[in-house]
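Containing mmCIF, C-alpha atoms and all ligand atoms: target-v2.cif.
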```cif
data_run
#
loop_
_atom_site.label_atom_id
_atom_site.label_comp_id
_atom_site.auth_asym_id
_atom_site.auth_seq_id
_atom_site.Cartn_x
_atom_site.Cartn_y
_atom_site.Cartn_z
CA MET J 1 22.53 91.54 36.91
CA ASN J 2 24.76 89.03 35.19
CA LYS J 3 23.87 88.83 31.50
CA GLU J 4 24.49 85.16 31.11
CA TYR J 5 22.49 84.30 34.19
CA LEU J 6 19.53 86.34 32.97
CA ARG J 7 19.68 84.82 29.51
CA ASP J 8 19.79 81.29 30.88
CA GLU J 9 16.84 82.05 33.13
CA MET J 10 14.76 83.29 30.20
CA LEU J 11 15.63 80.25 28.13
CA ARG J 12 14.84 77.91 31.00
CA MET J 13 11.48 79.51 31.74
CA SER J 14 10.39 79.76 28.12
CA GLY J 15 11.93 76.64 26.62
CA VAL J 16 12.80 78.79 23.57
CA ASN J 17 15.97 78.37 21.52
CA PRO J 18 16.68 81.81 19.99
CA LYS J 19 19.48 80.35 17.84
CA LYS J 20 16.83 78.84 15.57
CA CYS J 21 15.80 82.37 14.49
CA MET J 22 16.69 83.24 10.89
CA LYS J 23 15.84 86.93 11.34
CA CYS J 24 13.09 87.04 8.77
CA GLY J 25 10.96 89.45 10.82
CA LYS J 26 7.69 87.66 10.18
CA CYS J 27 6.83 87.59 13.88
CA SER J 28 6.98 91.37 14.08
CA ALA J 29 5.22 91.79 10.75
CA THR J 30 2.23 89.85 12.04
CA CYS J 31 2.18 91.27 15.56
CA PRO J 32 -1.05 93.22 16.22
CA ALA J 33 0.68 95.28 18.92
CA TYR J 34 3.64 96.24 16.72
CA ASP J 35 2.86 99.96 16.52
CA GLU J 36 2.72 100.24 20.29
CA MET J 37 5.93 98.41 21.02
CA GLU J 38 9.37 99.82 21.62
CA TYR J 39 10.96 96.38 21.21
CA HIS J 40 9.23 94.08 18.74
CA PRO J 41 8.98 90.28 18.90
CA HIS J 42 12.03 89.67 16.69
CA GLN J 43 14.04 92.03 18.89
CA PHE J 44 13.06 90.08 21.99
CA VAL J 45 14.50 87.02 20.29
CA SER J 46 17.82 88.61 19.34
CA MET J 47 18.23 90.61 22.54
CA VAL J 48 17.56 87.59 24.76
CA GLU J 49 20.10 85.65 22.72
CA LYS J 50 22.70 88.34 23.40
CA GLY J 51 21.73 88.59 27.05
CA ASP J 52 20.47 92.19 26.66
CA ILE J 53 17.58 91.53 28.97
CA GLU J 54 17.63 94.51 31.28
CA PRO J 55 16.35 96.96 28.63
CA LEU J 56 13.55 94.52 27.85
CA MET J 57 12.66 94.31 31.53
CA LYS J 58 12.26 98.07 31.66
CA SER J 59 10.23 98.31 28.48
CA GLU J 60 6.52 99.04 28.22
CA SER J 61 6.46 96.53 25.37
CA LEU J 62 6.02 93.82 27.99
CA TYR J 63 2.54 95.10 28.71
CA ARG J 64 1.50 95.58 25.11
CA CYS J 65 1.82 91.97 23.99
CA LEU J 66 -1.69 90.50 23.65
CA THR J 67 -0.66 86.83 24.00
CA CYS J 68 -2.44 86.24 20.70
CA PHE J 69 0.16 83.64 19.65
CA ALA J 70 0.24 85.01 16.09
CA CYS J 71 4.05 85.24 16.27
CA VAL J 72 4.16 81.69 17.61
CA ASP J 73 2.06 80.18 14.85
CA ARG J 74 3.47 82.23 11.99
CA CYS J 75 7.20 81.93 12.68
CA PRO J 76 8.62 79.69 9.97
CA ARG J 77 11.29 78.40 12.36
CA GLY J 78 9.15 77.54 15.37
CA VAL J 79 10.99 80.00 17.61
CA GLU J 80 7.87 81.09 19.56
CA PRO J 81 8.82 84.68 20.47
CA ALA J 82 5.75 85.21 22.72
CA LYS J 83 7.19 82.69 25.16
CA LEU J 84 10.25 84.90 25.64
CA ILE J 85 8.07 87.97 26.20
CA GLU J 86 6.13 86.02 28.82
CA ALA J 87 9.36 84.94 30.54
CA VAL J 88 10.72 88.50 30.68
CA ARG J 89 7.39 89.90 31.89
CA LEU J 90 7.13 87.30 34.64
CA SER J 91 10.67 87.92 35.78
CA VAL J 92 9.70 91.56 36.27
CA ILE J 93 6.34 91.19 37.99
CA ARG J 94 7.55 88.36 40.19
CA GLN J 95 9.77 90.86 41.98
CA GLN J 96 8.50 92.30 45.19
CA GLY J 97 6.29 95.35 44.71
CA ALA J 98 6.56 95.17 40.92
CA ASN J 99 2.95 94.37 40.10
CA ARG J 100 1.84 96.29 37.06
CA LEU J 101 -1.84 96.11 38.01
CA LYS J 102 -2.88 96.51 41.63
CA ALA J 103 -6.24 95.46 43.03
CA ASP J 104 -6.89 99.07 44.03
CA ASP J 105 -6.52 100.18 40.42
CA VAL J 106 -9.28 97.89 39.23
CA PRO J 107 -12.53 99.64 40.30
CA ALA J 108 -11.69 102.73 38.23
CA LYS J 109 -11.35 100.57 35.13
CA LEU J 110 -14.60 98.65 35.50
CA ASP J 111 -17.81 99.23 33.64
CA ASP J 112 -21.14 97.41 33.82
CA ASP J 113 -20.51 95.18 30.85
CA MET J 114 -16.92 94.16 31.50
CA PRO J 115 -16.68 90.36 31.66
CA GLN J 116 -14.93 88.71 34.60
CA GLN J 117 -12.62 87.18 32.02
CA ALA J 118 -11.10 90.61 31.33
CA ILE J 119 -10.25 91.14 34.98
CA VAL J 120 -8.80 87.70 35.68
CA SER J 121 -6.79 87.78 32.46
CA ALA J 122 -5.37 91.21 33.24
CA PHE J 123 -4.35 89.98 36.69
CA ARG J 124 -2.65 86.95 35.20
CA LYS J 125 -0.65 89.10 32.82
CA TYR J 126 0.06 92.13 34.95
CA SER J 127 0.28 90.92 38.56
CA LYS J 128 1.73 88.22 40.73
CA MET T 1 -23.07 60.99 25.19
CA LYS T 2 -22.00 62.60 28.47
CA PHE T 3 -19.43 65.35 28.87
CA SER T 4 -17.89 66.92 31.95
CA TYR T 5 -18.77 70.56 31.51
CA PHE T 6 -16.53 73.42 32.64
CA PRO T 7 -18.57 76.65 32.39
CA GLY T 8 -16.04 79.16 33.78
CA CYS T 9 -16.44 82.33 35.83
CA THR T 10 -17.77 84.64 33.13
CA LEU T 11 -20.49 82.22 32.04
CA LYS T 12 -21.91 82.34 35.55
CA ASN T 13 -22.06 86.11 35.45
CA LYS T 14 -21.71 88.51 32.50
CA ALA T 15 -21.95 85.79 29.85
CA LYS T 16 -24.93 83.80 31.14
CA ASP T 17 -26.35 83.68 27.64
CA LEU T 18 -23.33 81.81 26.35
CA ASP T 19 -23.92 79.16 29.01
CA ILE T 20 -27.72 78.83 29.02
CA TYR T 21 -28.07 78.52 25.27
CA ALA T 22 -25.21 76.03 25.15
CA ARG T 23 -26.93 73.80 27.69
CA ARG T 24 -30.29 73.98 25.95
CA SER T 25 -28.88 73.28 22.53
CA ALA T 26 -26.88 70.31 23.80
CA GLU T 27 -30.05 68.82 25.21
CA VAL T 28 -31.76 69.03 21.84
CA LEU T 29 -28.80 67.26 20.28
CA GLY T 30 -28.89 64.43 22.80
CA ILE T 31 -25.70 65.43 24.59
CA THR T 32 -25.60 65.57 28.37
CA LEU T 33 -23.46 68.27 29.99
CA GLU T 34 -22.60 67.38 33.57
CA GLU T 35 -21.20 70.44 35.30
CA ILE T 36 -17.95 69.66 37.08
CA GLU T 37 -18.41 70.00 40.82
CA ASN T 38 -16.46 72.75 42.53
CA TRP T 39 -14.70 73.90 39.39
CA GLN T 40 -12.49 76.94 39.84
CA CYS T 41 -11.71 79.80 37.47
CA CYS T 42 -9.15 78.89 34.78
CA GLY T 43 -7.46 82.29 35.09
CA GLY T 44 -8.33 83.52 31.61
CA VAL T 45 -4.90 83.21 29.97
CA PHE T 46 -2.41 80.37 29.86
CA SER T 47 1.12 81.22 30.91
CA THR T 48 3.67 79.60 28.64
CA ALA T 49 6.34 79.77 31.37
CA LYS T 50 7.37 76.26 32.36
CA ASP T 51 7.81 77.23 35.98
CA GLU T 52 4.27 78.62 36.38
CA VAL T 53 2.59 75.80 38.23
CA ALA T 54 0.12 77.02 40.84
CA THR T 55 -1.85 79.11 38.34
CA LYS T 56 -2.56 76.00 36.28
CA LEU T 57 -3.84 73.76 39.06
CA SER T 58 -7.50 74.72 38.71
CA SER T 59 -7.42 73.40 35.15
CA VAL T 60 -5.65 70.23 36.26
CA ARG T 61 -8.27 69.59 38.94
CA ALA T 62 -11.07 69.96 36.41
CA LEU T 63 -9.29 67.62 34.01
CA LYS T 64 -8.74 65.11 36.77
CA GLU T 65 -12.39 65.26 37.81
CA ALA T 66 -13.43 64.49 34.21
CA LYS T 67 -10.98 61.60 34.12
CA SER T 68 -12.46 60.13 37.30
CA LYS T 69 -15.84 60.04 35.54
CA ASP T 70 -14.32 58.70 32.37
CA GLN T 71 -15.79 61.61 30.42
CA PRO T 72 -14.31 64.05 27.94
CA LEU T 73 -14.23 67.67 29.14
CA VAL T 74 -16.00 70.42 27.21
CA SER T 75 -16.16 74.20 27.61
CA VAL T 76 -17.78 76.94 25.56
CA CYS T 77 -15.70 79.97 26.49
CA SER T 78 -12.72 80.33 24.15
CA ALA T 79 -10.45 81.33 27.02
CA CYS T 80 -11.36 78.42 29.33
CA HIS T 81 -10.90 76.02 26.46
CA ASN T 82 -7.53 77.50 25.54
CA VAL T 83 -6.19 77.42 29.11
CA ILE T 84 -7.45 73.92 29.87
CA LYS T 85 -6.24 72.45 26.60
CA GLN T 86 -2.80 74.07 26.86
CA THR T 87 -2.48 72.86 30.44
CA ASN T 88 -3.40 69.32 29.41
CA HIS T 89 -0.85 69.47 26.61
CA ALA T 90 1.87 70.74 28.98
CA ILE T 91 1.22 67.78 31.27
CA GLN T 92 1.40 65.36 28.34
CA THR T 93 4.62 66.76 26.92
CA ASP T 94 6.64 68.22 29.81
CA LYS T 95 7.57 65.57 32.36
CA GLU T 96 9.06 68.00 34.82
CA PHE T 97 5.90 70.11 34.78
CA ALA T 98 3.70 67.02 35.20
CA ASP T 99 5.80 65.94 38.14
CA LYS T 100 5.49 69.34 39.83
CA VAL T 101 1.73 69.41 39.24
CA ASN T 102 1.25 65.96 40.68
CA ARG T 103 2.87 66.95 43.95
CA TYR T 104 -0.31 68.94 44.53
CA MET T 105 -2.67 66.14 43.55
CA ALA T 106 -3.93 64.00 46.39
CA GLU T 107 -4.10 60.23 45.79
CA GLU T 108 -4.05 59.45 42.09
CA PRO T 109 -1.76 61.38 39.75
CA TYR T 110 -3.06 63.03 36.58
CA ASN T 111 -1.07 62.54 33.38
CA GLY T 112 -3.12 64.21 30.67
CA GLU T 113 -5.58 61.38 29.97
CA THR T 114 -8.72 63.50 29.54
CA GLN T 115 -9.85 64.47 26.06
CA VAL T 116 -10.57 68.18 25.79
CA TYR T 117 -13.22 69.55 23.47
CA HIS T 118 -14.49 72.99 22.64
CA TYR T 119 -18.28 73.05 22.25
CA LEU T 120 -17.84 73.72 18.53
CA GLU T 121 -15.71 70.59 18.20
CA MET T 122 -18.34 68.67 20.10
CA LEU T 123 -20.92 69.85 17.56
CA ARG T 124 -18.70 68.92 14.63
CA ASP T 125 -17.10 65.69 15.85
CA VAL T 126 -19.64 64.19 18.24
CA ALA T 127 -23.08 65.46 17.24
CA GLY T 128 -22.11 66.17 13.61
CA PHE T 129 -23.19 69.28 11.67
CA ASP T 130 -25.58 67.14 9.62
CA ALA T 131 -27.41 66.18 12.79
CA VAL T 132 -27.46 69.84 13.83
CA LYS T 133 -28.93 70.74 10.47
CA ALA T 134 -31.58 68.05 10.80
CA LYS T 135 -32.69 69.52 14.15
CA VAL T 136 -32.98 73.10 12.90
CA VAL T 137 -36.58 74.28 13.14
CA ASN T 138 -35.98 78.00 12.48
CA PRO T 139 -33.51 78.17 9.63
CA LEU T 140 -31.76 81.54 9.69
CA LYS T 141 -32.39 82.02 6.00
CA GLY T 142 -30.74 84.89 4.19
CA LYS T 143 -28.83 86.13 7.25
CA LYS T 144 -25.27 87.11 6.45
CA ILE T 145 -23.22 86.07 9.44
CA ALA T 146 -19.51 86.55 10.07
CA ALA T 147 -17.73 84.13 12.37
CA TYR T 148 -15.16 85.79 14.60
CA TYR T 149 -12.56 83.34 15.86
CA GLY T 150 -10.09 85.74 17.45
CA CYS T 151 -6.92 84.08 18.67
CA LEU T 152 -7.81 81.78 21.55
CA LEU T 153 -9.78 79.15 19.66
CA LEU T 154 -7.14 78.52 17.04
CA ARG T 155 -3.72 79.28 18.50
CA PRO T 156 -1.24 77.92 19.21
CA ASN T 157 -2.30 75.48 16.51
CA SER T 158 0.24 72.83 17.51
CA VAL T 159 -1.80 72.46 20.71
CA MET T 160 -5.33 73.59 19.88
CA LYS T 161 -5.64 71.62 16.63
CA MET T 162 -9.21 72.76 16.15
CA ASP T 163 -9.01 73.75 12.52
CA ASP T 164 -6.71 75.30 9.92
CA PRO T 165 -5.54 78.35 11.93
CA GLU T 166 -5.25 80.57 8.84
CA ASN T 167 -8.35 79.37 7.04
CA PRO T 168 -10.75 77.93 9.58
CA LYS T 169 -14.22 76.73 8.67
CA ILE T 170 -15.74 75.15 11.76
CA MET T 171 -17.90 78.18 12.59
CA GLU T 172 -18.76 78.80 8.94
CA ASP T 173 -19.94 75.19 8.71
CA LEU T 174 -22.12 75.75 11.75
CA ILE T 175 -23.54 78.94 10.23
CA LYS T 176 -24.42 77.01 7.08
CA ALA T 177 -25.95 74.16 9.11
CA MET T 178 -28.21 76.76 10.73
CA GLY T 179 -29.37 77.82 7.29
CA ALA T 180 -27.58 81.20 7.14
CA ASP T 181 -24.87 82.53 4.81
CA ALA T 182 -21.31 82.54 6.14
CA VAL T 183 -19.31 85.70 5.46
CA VAL T 184 -15.59 85.06 5.16
CA TYR T 185 -13.24 87.99 5.89
CA ALA T 186 -9.54 88.42 6.53
CA ASN T 187 -9.59 89.60 10.14
CA ARG T 188 -11.65 86.74 11.54
CA ASN T 189 -8.59 85.17 13.16
CA GLU T 190 -6.91 88.38 14.31
CA CYS T 191 -6.88 89.55 17.92
CA CYS T 192 -9.49 92.01 19.30
CA GLY T 193 -6.99 93.33 21.84
CA GLY T 194 -8.08 90.98 24.63
CA TYR T 195 -7.13 92.05 28.14
CA VAL T 196 -5.07 94.97 26.83
CA SER T 197 -8.23 97.07 27.17
CA PHE T 198 -6.99 97.39 30.77
CA GLU T 199 -3.60 98.80 29.79
CA SER T 200 -4.22 100.52 26.51
CA PRO T 201 -7.88 101.05 25.57
CA GLU T 202 -6.71 102.74 22.34
CA LEU T 203 -4.91 99.61 21.21
CA ALA T 204 -7.99 97.47 21.94
CA LYS T 205 -10.13 99.97 20.06
CA LYS T 206 -7.94 99.89 16.98
CA LYS T 207 -7.87 96.11 16.88
CA SER T 208 -11.59 95.66 17.54
CA LEU T 209 -12.68 98.22 14.98
CA ALA T 210 -10.45 96.64 12.36
CA VAL T 211 -12.34 93.36 12.86
CA VAL T 212 -15.79 94.98 12.67
CA GLU T 213 -14.96 97.15 9.64
CA ASN T 214 -13.47 94.20 7.81
CA ALA T 215 -16.51 91.99 8.51
CA LYS T 216 -18.89 94.75 7.40
CA ALA T 217 -16.95 95.40 4.22
CA ALA T 218 -17.40 91.71 3.39
CA GLY T 219 -21.16 92.12 3.80
CA ALA T 220 -21.75 90.87 7.34
CA GLU T 221 -24.97 91.81 9.13
CA MET T 222 -24.00 90.11 12.34
CA ILE T 223 -20.88 88.74 14.04
CA ILE T 224 -20.81 85.59 16.18
CA THR T 225 -18.19 84.69 18.76
CA ALA T 226 -17.45 82.16 21.50
CA CYS T 227 -15.51 84.61 23.64
CA PRO T 228 -16.99 87.02 26.22
CA LEU T 229 -13.97 89.32 26.00
CA CYS T 230 -14.10 89.48 22.19
CA LYS T 231 -17.80 90.32 22.42
CA TYR T 232 -17.16 93.01 25.01
CA ASN T 233 -14.30 94.58 23.06
CA LEU T 234 -16.14 94.65 19.74
CA ILE T 235 -19.29 96.18 21.24
CA LYS T 236 -17.55 98.61 23.56
CA ASN T 237 -15.40 99.90 20.76
CA GLY T 238 -18.35 100.76 18.58
CA ALA T 239 -19.54 97.74 16.59
CA ASP T 240 -22.65 98.95 14.75
CA ILE T 241 -23.88 95.48 13.81
CA PRO T 242 -25.00 92.92 16.41
CA VAL T 243 -22.28 90.81 18.05
CA VAL T 244 -23.78 87.69 19.65
CA TYR T 245 -22.68 84.37 21.11
CA PHE T 246 -22.84 81.51 18.66
CA THR T 247 -24.85 79.51 21.19
CA GLU T 248 -27.61 82.10 21.16
CA LEU T 249 -28.01 81.74 17.42
CA LEU T 250 -27.84 77.98 17.69
CA ALA T 251 -30.61 77.94 20.30
CA GLU T 252 -32.67 80.20 18.05
CA ALA T 253 -32.20 77.88 15.07
CA LEU T 254 -32.98 74.82 17.18
CA GLY T 255 -36.12 76.49 18.51
CA VAL T 256 -35.10 76.58 22.17
CA LYS T 257 -34.22 80.23 22.60
CA GLU T 258 -37.31 81.25 24.60
CA ASP T 259 -37.64 80.90 28.36
CA THR T 260 -34.24 82.27 29.33
CA ASN T 261 -35.10 83.42 32.84
CA GLU T 262 -34.00 80.39 34.78
S1 LIG U 1 1.77 87.08 21.12
FE1 LIG U 1 2.41 89.19 21.63
S2 LIG U 1 4.29 89.51 20.50
FE2 LIG U 1 3.32 87.72 19.61
S3 LIG U 1 2.13 88.51 17.87
FE3 LIG U 1 0.74 88.44 19.65
S4 LIG U 1 0.90 90.49 20.58
FE4 LIG U 1 2.65 90.27 19.19
S1 LIG U 2 9.44 84.85 12.65
FE1 LIG U 2 10.76 83.38 13.73
S2 LIG U 2 12.59 83.17 12.46
FE2 LIG U 2 11.52 85.03 11.77
S3 LIG U 2 12.46 86.71 12.97
FE3 LIG U 2 10.67 86.01 14.12
S4 LIG U 2 11.49 84.49 15.54
FE4 LIG U 2 13.04 84.77 13.96
#
```

Could you spell out this file's structure in structure tokens?
Ligand code: SF4
Ligand code: SF4
Amino acid sequence: MNKEYLRDEMLRMSGVNPKKCMKCGKCSATCPAYDEMEYHPHQFVSMVEKGDIEPLMKSESLYRCLTCFACVDRCPRGVEPAKLIEAVRLSVIRQQGANRLKADDVPAKLDDDMPQQAIVSAFRKYSK
Amino acid sequence: MKFSYFPGCTLKNKAKDLDIYARRSAEVLGITLEEIENWQCCGGVFSTAKDEVATKLSSVRALKEAKSKDQPLVSVCSACHNVIKQTNHAIQTDKEFADKVNRYMAEEPYNGETQVYHYLEMLRDVAGFDAVKAKVVNPLKGKKIAAYYGCLLLRPNSVMKMDDPENPKIMEDLIKAMGADAVVYANRNECCGGYVSFESPELAKKKSLAVVENAKAAGAEMIITACPLCKYNLIKNGADIPVVYFTELLAEALGVKEDTNE
């Protein structure tokens, strides 16, 4: 897909301006999912800015972000990296047949104590 | 004072305790919780994408219902509160989003008029912790209790505005009002892993255990939370001290914990 088109889409969906980033790395330093990510929050910011979105769309990192908003609150420049991760993730799972979590997968993951909140949240993040 | 109350899906099921003790304690404090009629699940997490509209409508309908009664809206679950408050904020600050939302609203439009409270804020700002303290009949003397905030109550701070997101004290103040000792520890505002227990149970385990270990190292004998998913993650991943809802402890302190089988 056209790089510029993809970049503009991500910026439109997220409302983020990656040019504000001063590359300090604090977002990634504070990210609780850092160890499990191939691309870290600061890389989402710089790669979206360059239009390198296709590698992000293919990355498992999309499903490791916890939406904890630590990177949002702790970025000294108000860049809000999590909003870019959300935009890239949505642009993947909005495609036909691209749901990460399918209803049929759910029963195997349930246990007696699991709150409904876990299931609805997982569906919000992993399925359309 | 009367509030429109949004319980949420989990409080009607796996987290009944969070709901029942909240209702009972409110009664003692002279606050009336009127459950919103026909409320629908908030969805658990707020999407920050500006073009996600349909998934936010259940929150908008609840907010609109509260507005029609001229009441503030309150919820106890951290996730419901986070989603509803962020949705309200999006309507107040993003005209295009508000316009899209209102195409789904019959009759009157909704423009973010309702005031949104978390139950803890209601205790602090409406009842007042001094009034809570005055109503305590079973002071939890000598108990060392760690408040676990997680992420949803505090962040994003520009919207949630509950407390200092890096050094909160609202739950510690409640613990003190109940007569117990508040244990302060570094991980109290770090994530437990949340819904990632679906994708990567190992990641959730690491994050949850870090919270428990850190609280214990600071001397905690018990952890309190407002979030069913935090509670689940901490217990499932091996917490060896009790993890309970803050409302349960509040009901105990206020002397209304008995008689839970409604
Ligand atoms: S919101 Fe996602 S990317 Fe940002 S700190 Fe939390 S887990 Fe990391
Ligand atoms: S914390 Fe903010 S300014 Fe620093 S690298 Fe991350 S996005 Fe850029």

Contact check, chain T to ligand LIG 1 (chain U), at most 10 Å, counting all atoms listed in the file, closest pairs as a Markdown table:
```
| residue | atom | partner | partner_atom | distance |
| --- | --- | --- | --- | --- |
| T:Cys151 | CA | U:LIG1 | FE3 | 8.9 |
| T:Arg155 | CA | U:LIG1 | S1 | 9.9 |
| T:Pro156 | CA | U:LIG1 | S1 | 9.8 |
| T:Glu190 | CA | U:LIG1 | FE3 | 9.3 |
| T:Cys191 | CA | U:LIG1 | FE3 | 7.9 |
| T:Gly193 | CA | U:LIG1 | S4 | 8.5 |
| T:Gly194 | CA | U:LIG1 | S4 | 9.9 |
| T:Val196 | CA | U:LIG1 | S4 | 9.7 |
```

Keeping only C-alpha atoms, write the selected residues to a file as an mmCIF file, in the coordinates of the input.
```cif
data_model
loop_
_atom_site.group_PDB
_atom_site.id
_atom_site.type_symbol
_atom_site.label_atom_id
_atom_site.label_comp_id
_atom_site.auth_asym_id
_atom_site.auth_seq_id
_atom_site.Cartn_x
_atom_site.Cartn_y
_atom_site.Cartn_z
ATOM 1 C CA CYS T 151 -6.920 84.080 18.670
ATOM 2 C CA ARG T 155 -3.720 79.280 18.500
ATOM 3 C CA PRO T 156 -1.240 77.920 19.210
ATOM 4 C CA GLU T 190 -6.910 88.380 14.310
ATOM 5 C CA CYS T 191 -6.880 89.550 17.920
ATOM 6 C CA GLY T 193 -6.990 93.330 21.840
ATOM 7 C CA GLY T 194 -8.080 90.980 24.630
ATOM 8 C CA VAL T 196 -5.070 94.970 26.830
#
```

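Considering the residues T:Ala49, T:Val244, T:Met171, T:Ile20 and counting only C-alpha atoms, chain J has its shortest atom-to-atom contact with T:Ala49.
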
* Closest to T:Ser68 among T:Ala22, T:Cys227, T:Ala218, T:Ile36, using only C-alpha atoms? ->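 Using only C-alpha atoms, T:Ser68 sits closest to T:Ile36.
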
Expected selection as a compact mmCIF listing (two decimals) with C-alpha atoms, in the frame of the given file for ligand LIG 2 (chain U) within 6 Å, all atoms listed in the file:
```txt
# COMPACT_ATOMS: atom_id res chain seq x y z
CA CYS J 21 15.80 82.37 14.49
CA MET J 22 16.69 83.24 10.89
CA LYS J 23 15.84 86.93 11.34
CA CYS J 24 13.09 87.04 8.77
CA GLY J 25 10.96 89.45 10.82
CA LYS J 26 7.69 87.66 10.18
CA CYS J 27 6.83 87.59 13.88
CA HIS J 42 12.03 89.67 16.69
CA CYS J 75 7.20 81.93 12.68
CA PRO J 76 8.62 79.69 9.97
CA ARG J 77 11.29 78.40 12.36
CA VAL J 79 10.99 80.00 17.61
CA PRO J 81 8.82 84.68 20.47
```

* To do: Considering only C-alpha atoms, extract the chain T residues located within 9 Å of chain J and return them as a ChimeraX atom specification.
  => /T:8-11,13-15,41-52,55,79,150-152,155-158,165,190-191,193-200,203,207,228-229,232-233,236

Would you compute the box with edges along x, y and z of the file around stretch 220-234 of chain T, including every atom the file lists for it and 8 Å extra on each side, and give its centre and edge lengths in Å to one decimal, as lines of an AutoDock Vina configuration file?
```
center_x = -19.5
center_y = 88.4
center_z = 16.8
size_x = 27.0
size_y = 28.5
size_z = 34.9
```

* To do: Would you kindly return, as a PyMOL selection string, each protein, DNA or RNA residue with an atom no farther than 12 Å from any atom of T:Val126, considering all atoms listed in the file and excluding same-chain residues fewer than 2 positions away?
  => chain T and resi 1-3+26+29-32+72+74+117-124+128-132

Write out, as a PDB file, in the coordinates of the input, the residues just selected, with C-alpha atoms.
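Now in result_27.pdb:
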```
ATOM      1  CA  MET T   1     -23.070  60.990  25.190  1.00  0.00           C
ATOM      2  CA  LYS T   2     -22.000  62.600  28.470  1.00  0.00           C
ATOM      3  CA  PHE T   3     -19.430  65.350  28.870  1.00  0.00           C
ATOM      4  CA  ALA T  26     -26.880  70.310  23.800  1.00  0.00           C
ATOM      5  CA  LEU T  29     -28.800  67.260  20.280  1.00  0.00           C
ATOM      6  CA  GLY T  30     -28.890  64.430  22.800  1.00  0.00           C
ATOM      7  CA  ILE T  31     -25.700  65.430  24.590  1.00  0.00           C
ATOM      8  CA  THR T  32     -25.600  65.570  28.370  1.00  0.00           C
ATOM      9  CA  PRO T  72     -14.310  64.050  27.940  1.00  0.00           C
ATOM     10  CA  VAL T  74     -16.000  70.420  27.210  1.00  0.00           C
ATOM     11  CA  TYR T 117     -13.220  69.550  23.470  1.00  0.00           C
ATOM     12  CA  HIS T 118     -14.490  72.990  22.640  1.00  0.00           C
ATOM     13  CA  TYR T 119     -18.280  73.050  22.250  1.00  0.00           C
ATOM     14  CA  LEU T 120     -17.840  73.720  18.530  1.00  0.00           C
ATOM     15  CA  GLU T 121     -15.710  70.590  18.200  1.00  0.00           C
ATOM     16  CA  MET T 122     -18.340  68.670  20.100  1.00  0.00           C
ATOM     17  CA  LEU T 123     -20.920  69.850  17.560  1.00  0.00           C
ATOM     18  CA  ARG T 124     -18.700  68.920  14.630  1.00  0.00           C
ATOM     19  CA  GLY T 128     -22.110  66.170  13.610  1.00  0.00           C
ATOM     20  CA  PHE T 129     -23.190  69.280  11.670  1.00  0.00           C
ATOM     21  CA  ASP T 130     -25.580  67.140   9.620  1.00  0.00           C
ATOM     22  CA  ALA T 131     -27.410  66.180  12.790  1.00  0.00           C
ATOM     23  CA  VAL T 132     -27.460  69.840  13.830  1.00  0.00           C
TER      24      VAL T 132
END
```

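With distances taken over all atoms listed in the file, T:Leu153 is the one residue among T:Gln115, T:Leu153, T:Lys100, T:Lys133 lying closest to T:Val83.
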
* By how many Å are atom CA of J:Ile53 and atom CA of T:Phe97 apart? ->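 A separation of 25.1 Å between them.
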
For the point (-30.6, 74.5, 10.1) in file coordinates, what residues are within 12 Å, counting all atoms listed in the file? Give the answer as a PDB file with C-alpha atoms, in the coordinates of the input?
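Saved the output as result33.pdb:
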```
ATOM      1  CA  PHE T 129     -23.190  69.280  11.670  1.00  0.00           C
ATOM      2  CA  ASP T 130     -25.580  67.140   9.620  1.00  0.00           C
ATOM      3  CA  ALA T 131     -27.410  66.180  12.790  1.00  0.00           C
ATOM      4  CA  VAL T 132     -27.460  69.840  13.830  1.00  0.00           C
ATOM      5  CA  LYS T 133     -28.930  70.740  10.470  1.00  0.00           C
ATOM      6  CA  ALA T 134     -31.580  68.050  10.800  1.00  0.00           C
ATOM      7  CA  LYS T 135     -32.690  69.520  14.150  1.00  0.00           C
ATOM      8  CA  VAL T 136     -32.980  73.100  12.900  1.00  0.00           C
ATOM      9  CA  VAL T 137     -36.580  74.280  13.140  1.00  0.00           C
ATOM     10  CA  ASN T 138     -35.980  78.000  12.480  1.00  0.00           C
ATOM     11  CA  PRO T 139     -33.510  78.170   9.630  1.00  0.00           C
ATOM     12  CA  LEU T 140     -31.760  81.540   9.690  1.00  0.00           C
ATOM     13  CA  LYS T 141     -32.390  82.020   6.000  1.00  0.00           C
ATOM     14  CA  GLY T 142     -30.740  84.890   4.190  1.00  0.00           C
ATOM     15  CA  ASP T 173     -19.940  75.190   8.710  1.00  0.00           C
ATOM     16  CA  LEU T 174     -22.120  75.750  11.750  1.00  0.00           C
ATOM     17  CA  ILE T 175     -23.540  78.940  10.230  1.00  0.00           C
ATOM     18  CA  LYS T 176     -24.420  77.010   7.080  1.00  0.00           C
ATOM     19  CA  ALA T 177     -25.950  74.160   9.110  1.00  0.00           C
ATOM     20  CA  MET T 178     -28.210  76.760  10.730  1.00  0.00           C
ATOM     21  CA  GLY T 179     -29.370  77.820   7.290  1.00  0.00           C
ATOM     22  CA  ALA T 180     -27.580  81.200   7.140  1.00  0.00           C
ATOM     23  CA  ASP T 181     -24.870  82.530   4.810  1.00  0.00           C
ATOM     24  CA  LEU T 249     -28.010  81.740  17.420  1.00  0.00           C
ATOM     25  CA  LEU T 250     -27.840  77.980  17.690  1.00  0.00           C
ATOM     26  CA  ALA T 251     -30.610  77.940  20.300  1.00  0.00           C
ATOM     27  CA  GLU T 252     -32.670  80.200  18.050  1.00  0.00           C
ATOM     28  CA  ALA T 253     -32.200  77.880  15.070  1.00  0.00           C
ATOM     29  CA  LEU T 254     -32.980  74.820  17.180  1.00  0.00           C
ATOM     30  CA  GLY T 255     -36.120  76.490  18.510  1.00  0.00           C
TER      31      GLY T 255
END
```
